[in-house]
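As stored in entry36.pdb (PDB, C-alpha atoms, pLDDT in the B column):
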MODEL        1
ATOM      1  CA  MET A  23      92.517-107.823 179.944  1.00 52.00           C
ATOM      2  CA  ALA A  24      90.013-110.388 181.205  1.00 68.00           C
ATOM      3  CA  ASN A  25      91.428-109.966 184.700  1.00 86.00           C
ATOM      4  CA  ASP A  26      90.829-106.208 184.513  1.00 88.00           C
ATOM      5  CA  ALA A  27      87.160-106.756 183.656  1.00 91.00           C
ATOM      6  CA  LEU A  28      86.818-109.359 186.399  1.00 93.00           C
ATOM      7  CA  ARG A  29      88.515-107.058 188.911  1.00 93.00           C
ATOM      8  CA  TYR A  30      86.233-104.175 187.936  1.00 92.00           C
ATOM      9  CA  SER A  31      83.184-106.436 188.273  1.00 94.00           C
ATOM     10  CA  LEU A  32      84.206-107.605 191.757  1.00 95.00           C
ATOM     11  CA  VAL A  33      84.969-104.069 192.924  1.00 92.00           C
ATOM     12  CA  GLN A  34      81.626-102.887 191.570  1.00 91.00           C
ATOM     13  CA  LYS A  35      79.778-105.657 193.420  1.00 93.00           C
ATOM     14  CA  LEU A  36      81.597-104.724 196.632  1.00 92.00           C
ATOM     15  CA  LYS A  37      80.679-101.060 196.108  1.00 89.00           C
ATOM     16  CA  ASP A  38      77.048-102.015 195.436  1.00 88.00           C
ATOM     17  CA  GLU A  39      77.036-103.872 198.763  1.00 88.00           C
ATOM     18  CA  HIS A  40      78.635-100.837 200.484  1.00 85.00           C
ATOM     19  CA  CYS A  41      81.658-102.904 201.480  1.00 85.00           C
ATOM     20  CA  LEU A  42      84.253-100.445 200.211  1.00 81.00           C
ATOM     21  CA  TRP A  43      83.133 -97.328 202.056  1.00 77.00           C
ATOM     22  CA  SER A  44      86.751 -96.528 202.945  1.00 76.00           C
ATOM     23  CA  PHE A  45      87.640 -96.574 199.216  1.00 70.00           C
ATOM     24  CA  ASN A  46      84.891 -94.199 198.140  1.00 66.00           C
ATOM     25  CA  ASP A  47      86.206 -92.626 194.955  1.00 75.00           C
ATOM     26  CA  VAL A  48      88.976 -94.930 193.786  1.00 76.00           C
ATOM     27  CA  SER A  49      89.302 -97.044 190.708  1.00 80.00           C
ATOM     28  CA  ALA A  50      89.451-100.823 190.807  1.00 84.00           C
ATOM     29  CA  SER A  51      93.193-100.722 190.182  1.00 83.00           C
ATOM     30  CA  ASP A  52      93.776 -98.602 193.313  1.00 85.00           C
ATOM     31  CA  ILE A  53      92.563-101.326 195.673  1.00 90.00           C
ATOM     32  CA  PRO A  54      95.397-103.610 196.803  1.00 92.00           C
ATOM     33  CA  ASP A  55      95.050-107.253 195.804  1.00 95.00           C
ATOM     34  CA  ASP A  56      95.025-108.537 199.392  1.00 95.00           C
ATOM     35  CA  VAL A  57      92.255-106.101 200.363  1.00 93.00           C
ATOM     36  CA  LEU A  58      90.193-107.112 197.335  1.00 95.00           C
ATOM     37  CA  ILE A  59      90.641-110.783 198.183  1.00 97.00           C
ATOM     38  CA  GLU A  60      89.714-110.209 201.837  1.00 96.00           C
ATOM     39  CA  LYS A  61      86.576-108.219 201.007  1.00 95.00           C
ATOM     40  CA  VAL A  62      85.381-110.728 198.407  1.00 97.00           C
ATOM     41  CA  LEU A  63      85.918-113.648 200.818  1.00 97.00           C
ATOM     42  CA  VAL A  64      83.990-111.873 203.560  1.00 96.00           C
ATOM     43  CA  TYR A  65      81.171-110.129 201.715  1.00 96.00           C
ATOM     44  CA  LEU A  66      80.456-111.845 198.407  1.00 96.00           C
ATOM     45  CA  ASP A  67      79.198-115.273 197.353  1.00 96.00           C
ATOM     46  CA  LEU A  68      80.715-118.428 195.911  1.00 96.00           C
ATOM     47  CA  PRO A  69      80.734-117.339 192.231  1.00 97.00           C
ATOM     48  CA  GLU A  70      82.720-114.233 193.157  1.00 97.00           C
ATOM     49  CA  ILE A  71      85.085-116.220 195.372  1.00 97.00           C
ATOM     50  CA  ASP A  72      85.582-118.635 192.479  1.00 97.00           C
ATOM     51  CA  ALA A  73      86.464-115.618 190.329  1.00 96.00           C
ATOM     52  CA  LEU A  74      89.310-114.785 192.721  1.00 96.00           C
ATOM     53  CA  PHE A  75      90.937-118.074 191.804  1.00 96.00           C
ATOM     54  CA  GLN A  76      90.670-117.118 188.125  1.00 94.00           C
ATOM     55  CA  MET A  77      92.307-113.755 188.782  1.00 95.00           C
ATOM     56  CA  PHE A  78      94.997-114.723 191.253  1.00 96.00           C
ATOM     57  CA  GLN A  79      97.175-117.706 191.965  1.00 96.00           C
ATOM     58  CA  TYR A  80      95.864-120.113 194.616  1.00 97.00           C
ATOM     59  CA  LYS A  81      98.828-119.248 196.835  1.00 97.00           C
ATOM     60  CA  LYS A  82      98.012-115.516 196.764  1.00 97.00           C
ATOM     61  CA  VAL A  83      94.363-116.058 197.721  1.00 97.00           C
ATOM     62  CA  LYS A  84      95.335-118.440 200.512  1.00 96.00           C
ATOM     63  CA  SER A  85      98.001-116.052 201.788  1.00 95.00           C
ATOM     64  CA  ALA A  86      95.515-113.148 201.973  1.00 96.00           C
ATOM     65  CA  TRP A  87      93.035-115.404 203.789  1.00 96.00           C
ATOM     66  CA  LEU A  88      95.680-116.527 206.296  1.00 94.00           C
ATOM     67  CA  GLU A  89      96.897-112.973 206.840  1.00 93.00           C
ATOM     68  CA  HIS A  90      93.572-111.138 207.096  1.00 94.00           C
ATOM     69  CA  LEU A  91      90.787-113.515 208.123  1.00 95.00           C
ATOM     70  CA  VAL A  92      92.264-116.385 210.125  1.00 94.00           C
ATOM     71  CA  PRO A  93      93.776-114.135 212.843  1.00 93.00           C
ATOM     72  CA  GLN A  94      90.329-112.693 213.563  1.00 90.00           C
ATOM     73  CA  GLY A  95      89.394-115.929 215.310  1.00 85.00           C
ATOM     74  CA  ASP A  96      85.826-116.275 216.518  1.00 87.00           C
ATOM     75  CA  TYR A  97      84.635-113.273 214.531  1.00 93.00           C
ATOM     76  CA  TYR A  98      84.979-115.240 211.285  1.00 94.00           C
ATOM     77  CA  TYR A  99      84.934-118.727 212.769  1.00 93.00           C
ATOM     78  CA  THR A 100      82.190-120.191 210.573  1.00 94.00           C
ATOM     79  CA  LEU A 101      83.487-118.506 207.419  1.00 96.00           C
ATOM     80  CA  ASN A 102      87.070-119.604 208.069  1.00 95.00           C
ATOM     81  CA  ARG A 103      85.945-123.135 208.775  1.00 95.00           C
ATOM     82  CA  PHE A 104      84.077-123.271 205.476  1.00 96.00           C
ATOM     83  CA  LEU A 105      86.879-121.665 203.449  1.00 96.00           C
ATOM     84  CA  SER A 106      89.510-123.954 204.931  1.00 95.00           C
ATOM     85  CA  TRP A 107      87.456-127.031 204.092  1.00 95.00           C
ATOM     86  CA  TYR A 108      85.961-126.046 200.733  1.00 96.00           C
ATOM     87  CA  TYR A 109      88.694-123.995 199.072  1.00 96.00           C
ATOM     88  CA  PHE A 110      91.890-124.915 200.900  1.00 95.00           C
ATOM     89  CA  LYS A 111      91.120-128.636 201.368  1.00 94.00           C
ATOM     90  CA  ALA A 112      91.930-128.853 205.087  1.00 93.00           C
ATOM     91  CA  LYS A 113      91.019-132.314 206.346  1.00 93.00           C
ATOM     92  CA  ARG A 114      90.561-131.003 209.901  1.00 94.00           C
ATOM     93  CA  PRO A 115      89.465-127.372 209.502  1.00 91.00           C
ATOM     94  CA  ASP A 116      89.315-126.488 213.201  1.00 91.00           C
ATOM     95  CA  ALA A 117      92.826-127.765 213.914  1.00 92.00           C
ATOM     96  CA  TYR A 118      94.175-126.153 210.746  1.00 91.00           C
ATOM     97  CA  ILE A 119      92.683-122.743 211.533  1.00 92.00           C
ATOM     98  CA  LYS A 120      93.982-122.861 215.097  1.00 91.00           C
ATOM     99  CA  ALA A 121      97.472-123.825 213.922  1.00 91.00           C
ATOM    100  CA  MET A 122      97.531-121.058 211.297  1.00 90.00           C
ATOM    101  CA  ALA A 123      96.296-118.449 213.779  1.00 88.00           C
ATOM    102  CA  THR A 124      98.931-119.533 216.294  1.00 88.00           C
ATOM    103  CA  ARG A 125     101.621-119.349 213.609  1.00 88.00           C
ATOM    104  CA  HIS A 126     100.457-115.849 212.675  1.00 84.00           C
ATOM    105  CA  PHE A 127     100.555-114.589 216.261  1.00 84.00           C
ATOM    106  CA  ASN A 128     103.925-116.232 216.943  1.00 85.00           C
ATOM    107  CA  LYS A 129     105.328-114.488 213.866  1.00 83.00           C
ATOM    108  CA  LEU A 130     104.061-111.142 215.191  1.00 80.00           C
ATOM    109  CA  ALA A 131     105.409-111.777 218.692  1.00 81.00           C
ATOM    110  CA  GLY A 132     108.767-113.122 217.540  1.00 72.00           C
TER     111      GLY A 132
ENDMDL
END
Write out the structure in this file as structure tokens.
Amino acid sequence: MANDALRYSLVQKLKDEHCLWSFNDVSASDIPDDVLIEKVLVYLDLPEIDALFQMFQYKKVKSAWLEHLVPQGDYYYTLNRFLSWYYFKAKRPDAYIKAMATRHFNKLAG
């Protein structure tokens, strides 16, 4: 139940920021978890990102980040660098991001 309220709150904040324009008239439960995680990581602040880790397992948040944000390279370079260091505890963020992006593209090509 607490997760439902937290999810609704995050979706509402994203709507207030006009970040869910492609999900105009849907309920919070209609938005896939990975899309919610991606949008919160990109558009909202630290308290909301922290809330993701209350709602979802660490592995699920990290997986969505690796799948949706890391492959976008330079577009989210600064954000990815911060997230990898602060939330995912990478000791060498630049090398980690590059390795994860390469792994992602190799998986698509293979």
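Those residues that approach region 91-96 of chain A to within 7 Å, counting all atoms listed in the file, are Asn102, Ile119, Ala123 and His126 of chain A; same-chain residues fewer than 5 positions away are not listed.
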Quiz item: Of the candidates A:Cys41, A:Ile53, A:Val33, A:Leu68, which shows the shortest atom-to-atom distance to Phe104 (chain A), using all atoms listed in the file?
Solution: A:Leu68
Practice problem: Give me, please, the distance in Å between CA of Glu60 (chain A) and CA of Asp38 (chain A), quoted to one decimal. | Solution: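 Computing it gives 16.4 Å between the two atoms.
Between CA of Val64 (chain A) and CA of Tyr99 (chain A) the interatomic distance comes to 11.5 Å.
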Practice problem: Specify as a PyMOL selection string each residue included when the PyMOL selection byres ((chain A and resi 29) around 9) is applied to this file. | Solution: chain A and resi 24-28+30-34+50-51+58+73-74+77
Practice problem: Rank nothing, just name the residue among A:Arg114, A:His90, A:Lys35, A:Arg125 nearest to Leu66 (chain A), using only C-alpha atoms. | Solution: A:Lys35
Quiz prompt | Expansion of the PyMOL selection byres ((chain A and resi 115) around 12) into residues, as a ChimeraX atom specification | solution = /A:92,99-114,116-122
Exercise. Would you mind reading off the distance between CA of Lys82 (chain A) and CA of Thr124 (chain A), one decimal, in Å?
Key: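 Those two atoms sit 20.0 Å apart.
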Around region 57-67 of chain A, fit a box with edges along x, y and z, padding it by 5 Å on each side, then list its centre and edge lengths in Å to one decimal as JSON.
{"center_x": 85.7, "center_y": -110.7, "center_z": 200.4, "size_x": 23.1, "size_y": 19.2, "size_z": 16.2}
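Nearest residue to Val57 (chain A) among A:Leu42, A:Tyr98, A:Ile71, A:Leu130 is A:Leu42, counting all atoms listed in the file.
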